[in-house]
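Okay, so here's the structure we're looking at.
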Amino acid sequence: MLKLGFVFLILILIPSLPVALSKYGVIEPLLQGLDSKRAPPSVQEAAAFGLLKRLLPTHLSSFELKIVSKDVCGGDSCFLINNHKKSSQNEAEIIIRGTTAVEIASGLHWYLKYWCGAHVSWDKTGGIQTTSIPEPGSLPRLKDEGLKIKRPVPWNYYQNVVTSSYSYVWWDWDRWEKEVDWMALQGVNLPLAFTGQETIWQKVFKDYNITSDDLDNFFGGPAFLAWARMGNLHGWGGPLSQNWLDQQLVLQKQIISRMLELGMTPVLPSFSGNVPAALKRIFPMAKITRLGDWNTVDSDPRWCCTYLLDPSDPLFVEIGEAFIRKQIKEYGDVTDIYNCDTFNENSPPTNDPEYISTLGAAVYKGISKGDKDAVWLMQGWLFYSDSSFWKPPQIKALLHSVPFGKMVVLDLFADVKPIWKSSFQFYGTPYIWCMLHNFGGNIEMYGTLDAISSGPVDARVSANSTMVGVGMCMEGIEQNPIVYELMSEMAFRDKKVEVPEWIKSYCNRRYGKAVHQVEAAWEILYHTIYNCTDGIADHNHDFIVMFPDWDPSTNSETGVSNTQKKINLLPPGNRRYLFQQTASDKPQAHLWYPSDDVIKALQLFLAGGKNLSRSLTYRYDLVDLTRQVLSKLANQLYYKAVTSFQEKNIEALRFHSNTFLQLIKDIDVLLASDDNFLLGTWLESAKKLAVNPSEIKQYEWNARTQVTMWFDTNDTTQSKLHDYANKFWSGLVESYYLPRASTYFSHLIESLRQNEKFKLIEWRKQWISQSNKWQEGNELYPVKAKGDALAISKALYEKYFAE
């Protein structure tokens with residue numbers, strides 16, 4: 001394990017002046033301190049070469065990789081690509097230099113993309129396309145002067161605090177190693193590193209006489225740790241075994257070690273005030289309050305209403321310091337940047353700016369006493385999600401409660417709702433322009449490519465800009481690879497990207513060749529699916545996976561009039577509608593583009609399939625696009641079915657509901673034809689981490705519950721968060737979503753047949769019982785694809801859209 005330390009020097013920023021005092025204003029000394037503490041060049045070069053070996057083992061001798069000083073790049077972080085001056089046949093063809101191993105990896109990726117037509121995405125979105133790369137000895141040459149690309153801003157941040165639960169929870173080191181490689185290739189140099197923190201907390205709380213039994217009721221289960229960490233719940237899905245705790249700590253050390261070798265700066269967690277109930281018993285005079293209910297059904301104390309230690313209490317600083325010191329002891333002095341979101345959907349008890357300033361100062365003191373050079377990294381989502389509380393005086397009070405340069409804010413939702421514009425650049429506080437994009441790890445084709453291609457540039461060149469980075473803060477990964485590739489490039493783009501030309505290049509790289517029908521399809525997708533401009537945060541409301549819980553005979557859910565909106569509060573960073581019910585008298589699924597245009601894109605995509613049938617990237621995109629089109633068709637069928645019910649037309653109801661159910665079956669067959677849309681993979685990865693039958697059962701329940709009900713229920717009321725983390729996965733579609741819809745429509749038909757009111761409560765009772773059994777089940781689901789995706793997609797297109 002590398003033991004690195006960073007020394008931060010602070011330069012006072014005067015917010016009213018343009019950032020001309022130094023290149024990066026208040027963080028310039030900080031960056032210099034970070035540079036002085038990186039791994040030695042030989043370590044970083046070896047790490048970059050190891051990445052090349054894993055990515056392209058056939059071309060190890062084709063590249064020379066070398067660390068250079070920032071002086072070569074005029075004091076900036078950069079990469080340089082040049083032809084190698086060969087003196088013999090066996091020497092390298094291309095030399096890639098960079099100021100860190102991340103820059104080297106980014107330069108390698110840039111060369112493979114723009115000179116060799118290669119493509120790198122997650123395995124679950126088709127993986128890498130390297131067939132277009134020439135054989136060793138025949139790599140494309142650059143112009144004599146080569147290429148130099150500088151970062152326009154210092155940092156490329158990565159992850160959301162909930163990604164650890166929605167995407168990473170069941171990962172082993174093999175999968176993490178691939179992810180860290182992906183980060184480096186995309187230029188990520190400031191990643192969140194949250195794995196294994198429960199083990200550190202166990203060590204900290206042991207010093208306060210808090211037992212393992214006390215912690216059994218504090219930590220959440222593996223799939224719900226993100227929300228236990230934030231104080232939204234406790235105990236749900238737990239307890240955590242010592243095996244889990246030990247295993248995750250070992251994994252965290254591997255992750256951090258590789259990040260450091262590549263020249264990244266990991267962001268570690270810090271203390272936000274969330275404490276076990278036992279602490280109140282041990283310290284009866286401490287300022288510990290019990291929080292209110294967070295999305296439970298009946299405020300069950302087994303997992304509801306966690307305990308918060310007030311930052312103004314001296315014990316807060318003491319525990320905060322202890323946690324930082326335990327991390328340093330365990331990992332070494334690896335970072336000075338710590339995440340803390342103590343006010344995220346947890347407003348202070350008063351909006352008095354002076355009080356808020358006191359709280360912010362206490363939070364920072366708890367971090368800085370553990371690491372005197374600490375910088376507080378905070379998600380800025382609260383300024384959007386709780387804007388009624390966080391007005392300018394309150395925002396300034398919090399941001400100015402710590403010294404300038406000691407806080408960095410993530411403008412978490414800048415791709416849709418940028419806060420930098422309305423907060424005068426966060427009142428002088430450095431911030432990172434972030435794309436949120438995905439909620440709950442949902443599978444939905446969606447993007448805001450125009451905003452991504454221009455937003456970071458607009459923010460950086462704006463007057464008095466305090467922007468110091470770009471970031472990707474999605475809740476779940478492994479979807480929409482086009483969005484993440486463009487957003488990653490913005491870490492190296494100093495001008496706006498011409499998206500139409502970029503997409504054409506992306507299309508050819510992704511499949512390894514130019515196919516005009518597929519290029520035409522992508523042009524349509526750019527103007528429709530990938531150019532959402534309505535500002536709505538909720539994307540995947542398709543009724544198959546997020547089935548409306550309402551009585552269509554009254555046009556409202558019980559207790560909600562049809563002139564009201566039904567709003568459910570969701571996990572921190574994610575407040576949005578489960579579905580919106582208004583006077584339009586039907587639940588509304590989000591649709592931001594003309595469906596017929598996307599159906600045309602599918603037709604073109606299929607027409608080009610004969611030239612791409614063996615491409616894994618093409619197959620993934622084909623299955624995803626076909627699923628997208630069919631799921632929107634299903635929404636229309638749902639509308640027709642409930643309209644038939646309202647019109648008391650039982651035959652039409654039978655017809656449309658049966659068509660809806662058949663479409664669910666067809667989508668499941670489609671998804672089964674690609675390895676990356678399988679429920680079995682998720683469940684088996686969970687069970688693989690278990691060491692005994694009890695853990696196997698617990699982990700599988702966690703995995704099944706998160707993607708379905710999510711949180712608690714009672715006999716007649718579904719979880720408020722049901723379907724939040726919905727997935728279009730084969731197995732889940734047929735075994736879970738299909739019987740739910742079938743049961744619902746059966747109740748509708750029976751109510752018409754008996755000329756009775758629809759029994760919503762009876763349907764809920766039946767469905768919740770079925771769901772509980774499914775969550776507790778252990779049926780096996782395939783982990784390998786079956787069927788010909790192209791043939792299946794063509795058949796479904798003919799079946800549903802030929803006319």
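Within each chain, counting starts at residue 1; across the structure tokens, chains are named A, B, ... in the order shown, with ligands numbered 1 upward in that order.
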Find the residues around range 399-414 of chain A up to 6 Å (only C-alpha atoms counted), leave out those fewer than 6 positions away in its own chain, and share them as a ChimeraX atom specification. /A:10,12,26-27,357,360-361,375-381,430-436
*When DSSP works through the backbone of this structure, what residues of range 377-457 of chain A end up as strand (DSSP E), shown as a PyMOL selection string?*
chain A and resi 377-379+407-411+431-435
Limited to C-alpha atoms, could you put the picked residues into a file as an mmCIF file, in the first residue's frame?
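Writing the result to again.cif gives the following:
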data_model
loop_
_atom_site.group_PDB
_atom_site.id
_atom_site.type_symbol
_atom_site.label_atom_id
_atom_site.label_comp_id
_atom_site.auth_asym_id
_atom_site.auth_seq_id
_atom_site.Cartn_x
_atom_site.Cartn_y
_atom_site.Cartn_z
ATOM 1 C CA LEU A 377 -16.324 18.008 -0.703
ATOM 2 C CA MET A 378 -20.105 18.447 -0.564
ATOM 3 C CA GLN A 379 -22.889 17.438 -2.927
ATOM 4 C CA MET A 407 -14.706 23.388 0.531
ATOM 5 C CA VAL A 408 -15.542 22.194 -2.982
ATOM 6 C CA VAL A 409 -19.186 21.878 -4.047
ATOM 7 C CA LEU A 410 -20.541 19.404 -6.572
ATOM 8 C CA ASP A 411 -23.129 21.127 -8.775
ATOM 9 C CA TYR A 431 -17.357 23.904 -7.628
ATOM 10 C CA ILE A 432 -17.439 21.004 -10.046
ATOM 11 C CA TRP A 433 -19.916 20.982 -12.954
ATOM 12 C CA CYS A 434 -21.640 17.587 -12.738
ATOM 13 C CA MET A 435 -23.951 15.440 -14.810
#
Legend entry - Shell around Leu233 in chain A at 8 Å using only C-alpha atoms, local window under 6 positions removed, as a count of residues only: 7
Q.
So that I can check the surroundings of Tyr511 in chain A, please list as number ranges by chain every protein, DNA and RNA residue that reaches within 7 Å of it, counting only C-alpha atoms and ignoring chain neighbours fewer than 3 positions away.
A. A: 129, 507-508, 615, 617-618
Quiz item: How would you write, as an NGL selection string, the set of residues in range 416-592 of chain A that DSSP gives as alpha helix (DSSP H)?
Solution: :A and (424-427 or 449-461 or 481-489 or 499-511 or 516-527)
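The environment of Asp534 in chain A within 10 Å, counting only C-alpha atoms and disregarding residues fewer than 2 places along the same chain, consists of Val416, Thr448, Asn531, Cys532, Ile536, Ala537, Leu591 and Trp592 of chain A.
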Output N, CA, C and O atoms for every residue in that selection, as a tab-separated table (two decimals), in the first residue's frame.
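Result file is again17.tsv:
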chain	number	residue	atom	x	y	z
A	416	VAL	N	-29.06	19.56	-16.00
A	416	VAL	CA	-30.47	19.91	-16.13
A	416	VAL	C	-30.82	21.16	-15.32
A	416	VAL	O	-31.51	22.06	-15.81
A	448	THR	N	-28.93	14.25	-22.50
A	448	THR	CA	-29.00	15.68	-22.82
A	448	THR	C	-27.68	16.08	-23.47
A	448	THR	O	-26.92	16.88	-22.94
A	531	ASN	N	-31.69	14.18	-26.69
A	531	ASN	CA	-31.71	15.64	-26.61
A	531	ASN	C	-32.93	16.10	-25.82
A	531	ASN	O	-33.70	16.95	-26.26
A	532	CYS	N	-33.08	15.55	-24.62
A	532	CYS	CA	-34.19	15.94	-23.74
A	532	CYS	C	-33.94	17.35	-23.22
A	532	CYS	O	-32.87	17.65	-22.69
A	536	ILE	N	-37.27	17.76	-16.88
A	536	ILE	CA	-37.88	16.81	-15.94
A	536	ILE	C	-36.84	15.80	-15.49
A	536	ILE	O	-36.11	15.24	-16.30
A	537	ALA	N	-36.79	15.57	-14.20
A	537	ALA	CA	-35.74	14.70	-13.65
A	537	ALA	C	-36.09	13.22	-13.72
A	537	ALA	O	-35.22	12.38	-13.57
A	591	LEU	N	-42.41	11.08	-21.58
A	591	LEU	CA	-42.09	10.92	-22.99
A	591	LEU	C	-41.71	12.29	-23.54
A	591	LEU	O	-42.51	13.21	-23.54
A	592	TRP	N	-40.48	12.42	-24.02
A	592	TRP	CA	-39.96	13.72	-24.42
A	592	TRP	C	-39.61	13.79	-25.90
A	592	TRP	O	-38.94	14.71	-26.34
Worksheet entry | All residues 8 Å or closer to Val169 in chain A, only C-alpha atoms, same chain fewer than 4 positions away omitted, as a PyMOL selection string | chain A and resi 164-165+222-223
Q.
as a PyMOL selection string, please: the residues near Ala672 in chain A (cut-off 9 Å, only C-alpha atoms, same-chain neighbours under 6 positions excluded).
A. chain A and resi 678+729-731+782+784-787+789
Next, dump the selected residues to file, keeping only all heavy atoms, as a PDB file, in the first residue's frame.
ATOM      1  N   LEU A 678     -29.761  -9.516 -17.933  1.00  0.00           N
ATOM      2  CA  LEU A 678     -30.193 -10.729 -17.236  1.00  0.00           C
ATOM      3  C   LEU A 678     -30.241 -10.513 -15.725  1.00  0.00           C
ATOM      4  O   LEU A 678     -29.258 -10.071 -15.119  1.00  0.00           O
ATOM      5  CB  LEU A 678     -29.254 -11.891 -17.554  1.00  0.00           C
ATOM      6  CG  LEU A 678     -29.050 -12.248 -19.027  1.00  0.00           C
ATOM      7  CD1 LEU A 678     -28.043 -13.392 -19.148  1.00  0.00           C
ATOM      8  CD2 LEU A 678     -30.373 -12.621 -19.686  1.00  0.00           C
ATOM      9  N   TRP A 729     -34.710  -6.337 -16.973  1.00  0.00           N
ATOM     10  CA  TRP A 729     -33.854  -7.521 -17.004  1.00  0.00           C
ATOM     11  C   TRP A 729     -34.716  -8.747 -17.299  1.00  0.00           C
ATOM     12  O   TRP A 729     -35.791  -8.929 -16.689  1.00  0.00           O
ATOM     13  CB  TRP A 729     -33.174  -7.735 -15.648  1.00  0.00           C
ATOM     14  CG  TRP A 729     -32.032  -6.818 -15.366  1.00  0.00           C
ATOM     15  CD1 TRP A 729     -31.300  -6.095 -16.258  1.00  0.00           C
ATOM     16  CD2 TRP A 729     -31.480  -6.531 -14.065  1.00  0.00           C
ATOM     17  NE1 TRP A 729     -30.325  -5.381 -15.602  1.00  0.00           N
ATOM     18  CE2 TRP A 729     -30.411  -5.636 -14.263  1.00  0.00           C
ATOM     19  CE3 TRP A 729     -31.775  -6.964 -12.780  1.00  0.00           C
ATOM     20  CZ2 TRP A 729     -29.642  -5.152 -13.205  1.00  0.00           C
ATOM     21  CZ3 TRP A 729     -31.017  -6.482 -11.729  1.00  0.00           C
ATOM     22  CH2 TRP A 729     -29.959  -5.591 -11.935  1.00  0.00           C
ATOM     23  N   SER A 730     -34.247  -9.572 -18.201  1.00  0.00           N
ATOM     24  CA  SER A 730     -34.937 -10.845 -18.430  1.00  0.00           C
ATOM     25  C   SER A 730     -34.931 -11.653 -17.138  1.00  0.00           C
ATOM     26  O   SER A 730     -33.923 -11.748 -16.450  1.00  0.00           O
ATOM     27  CB  SER A 730     -34.227 -11.627 -19.539  1.00  0.00           C
ATOM     28  OG  SER A 730     -34.843 -12.882 -19.728  1.00  0.00           O
ATOM     29  N   GLY A 731     -36.030 -12.248 -16.836  1.00  0.00           N
ATOM     30  CA  GLY A 731     -36.197 -12.946 -15.556  1.00  0.00           C
ATOM     31  C   GLY A 731     -36.999 -12.092 -14.613  1.00  0.00           C
ATOM     32  O   GLY A 731     -38.033 -12.531 -14.093  1.00  0.00           O
ATOM     33  N   PRO A 782     -31.185 -17.587 -15.611  1.00  0.00           N
ATOM     34  CA  PRO A 782     -30.037 -17.748 -16.508  1.00  0.00           C
ATOM     35  C   PRO A 782     -29.016 -16.628 -16.367  1.00  0.00           C
ATOM     36  O   PRO A 782     -29.352 -15.477 -16.087  1.00  0.00           O
ATOM     37  CB  PRO A 782     -30.673 -17.726 -17.902  1.00  0.00           C
ATOM     38  CG  PRO A 782     -32.088 -18.149 -17.686  1.00  0.00           C
ATOM     39  CD  PRO A 782     -32.467 -17.607 -16.355  1.00  0.00           C
ATOM     40  N   LYS A 784     -26.560 -16.709 -18.920  1.00  0.00           N
ATOM     41  CA  LYS A 784     -26.073 -16.692 -20.286  1.00  0.00           C
ATOM     42  C   LYS A 784     -27.234 -16.404 -21.229  1.00  0.00           C
ATOM     43  O   LYS A 784     -28.344 -16.902 -21.033  1.00  0.00           O
ATOM     44  CB  LYS A 784     -25.427 -18.027 -20.662  1.00  0.00           C
ATOM     45  CG  LYS A 784     -24.145 -18.337 -19.902  1.00  0.00           C
ATOM     46  CD  LYS A 784     -23.019 -17.367 -20.294  1.00  0.00           C
ATOM     47  CE  LYS A 784     -21.725 -17.706 -19.570  1.00  0.00           C
ATOM     48  NZ  LYS A 784     -20.651 -16.726 -19.887  1.00  0.00           N
ATOM     49  N   ALA A 785     -26.944 -15.633 -22.262  1.00  0.00           N
ATOM     50  CA  ALA A 785     -27.985 -15.265 -23.220  1.00  0.00           C
ATOM     51  C   ALA A 785     -28.409 -16.461 -24.059  1.00  0.00           C
ATOM     52  O   ALA A 785     -27.659 -17.424 -24.230  1.00  0.00           O
ATOM     53  CB  ALA A 785     -27.465 -14.150 -24.130  1.00  0.00           C
ATOM     54  N   LYS A 786     -29.628 -16.359 -24.579  1.00  0.00           N
ATOM     55  CA  LYS A 786     -30.104 -17.387 -25.506  1.00  0.00           C
ATOM     56  C   LYS A 786     -30.921 -16.694 -26.597  1.00  0.00           C
ATOM     57  O   LYS A 786     -31.632 -15.715 -26.346  1.00  0.00           O
ATOM     58  CB  LYS A 786     -30.945 -18.434 -24.783  1.00  0.00           C
ATOM     59  CG  LYS A 786     -32.218 -17.896 -24.139  1.00  0.00           C
ATOM     60  CD  LYS A 786     -33.014 -19.004 -23.476  1.00  0.00           C
ATOM     61  CE  LYS A 786     -34.288 -18.439 -22.836  1.00  0.00           C
ATOM     62  NZ  LYS A 786     -35.093 -19.501 -22.177  1.00  0.00           N
ATOM     63  N   GLY A 787     -30.785 -17.201 -27.805  1.00  0.00           N
ATOM     64  CA  GLY A 787     -31.543 -16.638 -28.913  1.00  0.00           C
ATOM     65  C   GLY A 787     -30.722 -15.651 -29.725  1.00  0.00           C
ATOM     66  O   GLY A 787     -29.697 -15.137 -29.274  1.00  0.00           O
ATOM     67  N   ALA A 789     -30.431 -12.150 -31.150  1.00  0.00           N
ATOM     68  CA  ALA A 789     -30.993 -10.828 -30.863  1.00  0.00           C
ATOM     69  C   ALA A 789     -31.505 -10.150 -32.122  1.00  0.00           C
ATOM     70  O   ALA A 789     -32.581  -9.538 -32.109  1.00  0.00           O
ATOM     71  CB  ALA A 789     -29.948  -9.952 -30.179  1.00  0.00           C
TER      72      ALA A 789
END
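Reported to one decimal place, the separation of CA of Ser368 in chain A from CA of Pro353 in chain A is 22.1 Å.
Between Glu523 in chain A and the residues A:Glu28, A:Asp313, A:Glu45, A:Glu501, the shortest atom-to-atom distance, using only C-alpha atoms, involves A:Glu501.
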Once you count only C-alpha atoms, what closest atom pair and distance in Å to one decimal does each residue of range 433-513 of chain A within 10 Å of range 700-717 of chain A have, with rows by chain and rising residue number, as a Markdown table?
| residue | atom | partner | partner_atom | distance |
| --- | --- | --- | --- | --- |
| A:Gly440 | CA | A:Val707 | CA | 8.8 |
| A:Gly441 | CA | A:Val707 | CA | 9.1 |
| A:Asn442 | CA | A:Val707 | CA | 9.3 |
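Minimum atom-to-atom distance to Leu245 in chain A, evaluated using only C-alpha atoms, belongs to A:Asp216 out of A:Val629, A:Asp216, A:Ser167, A:Pro266.
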re CA of Phe63 in chain A and CA of Ile94 in chain A: distance 5.0 Å
In terms of only C-alpha atoms, the residue from A:Pro154, A:Gly273, A:Gly238, A:Gly370 at minimal distance from Asp333 in chain A is A:Gly370
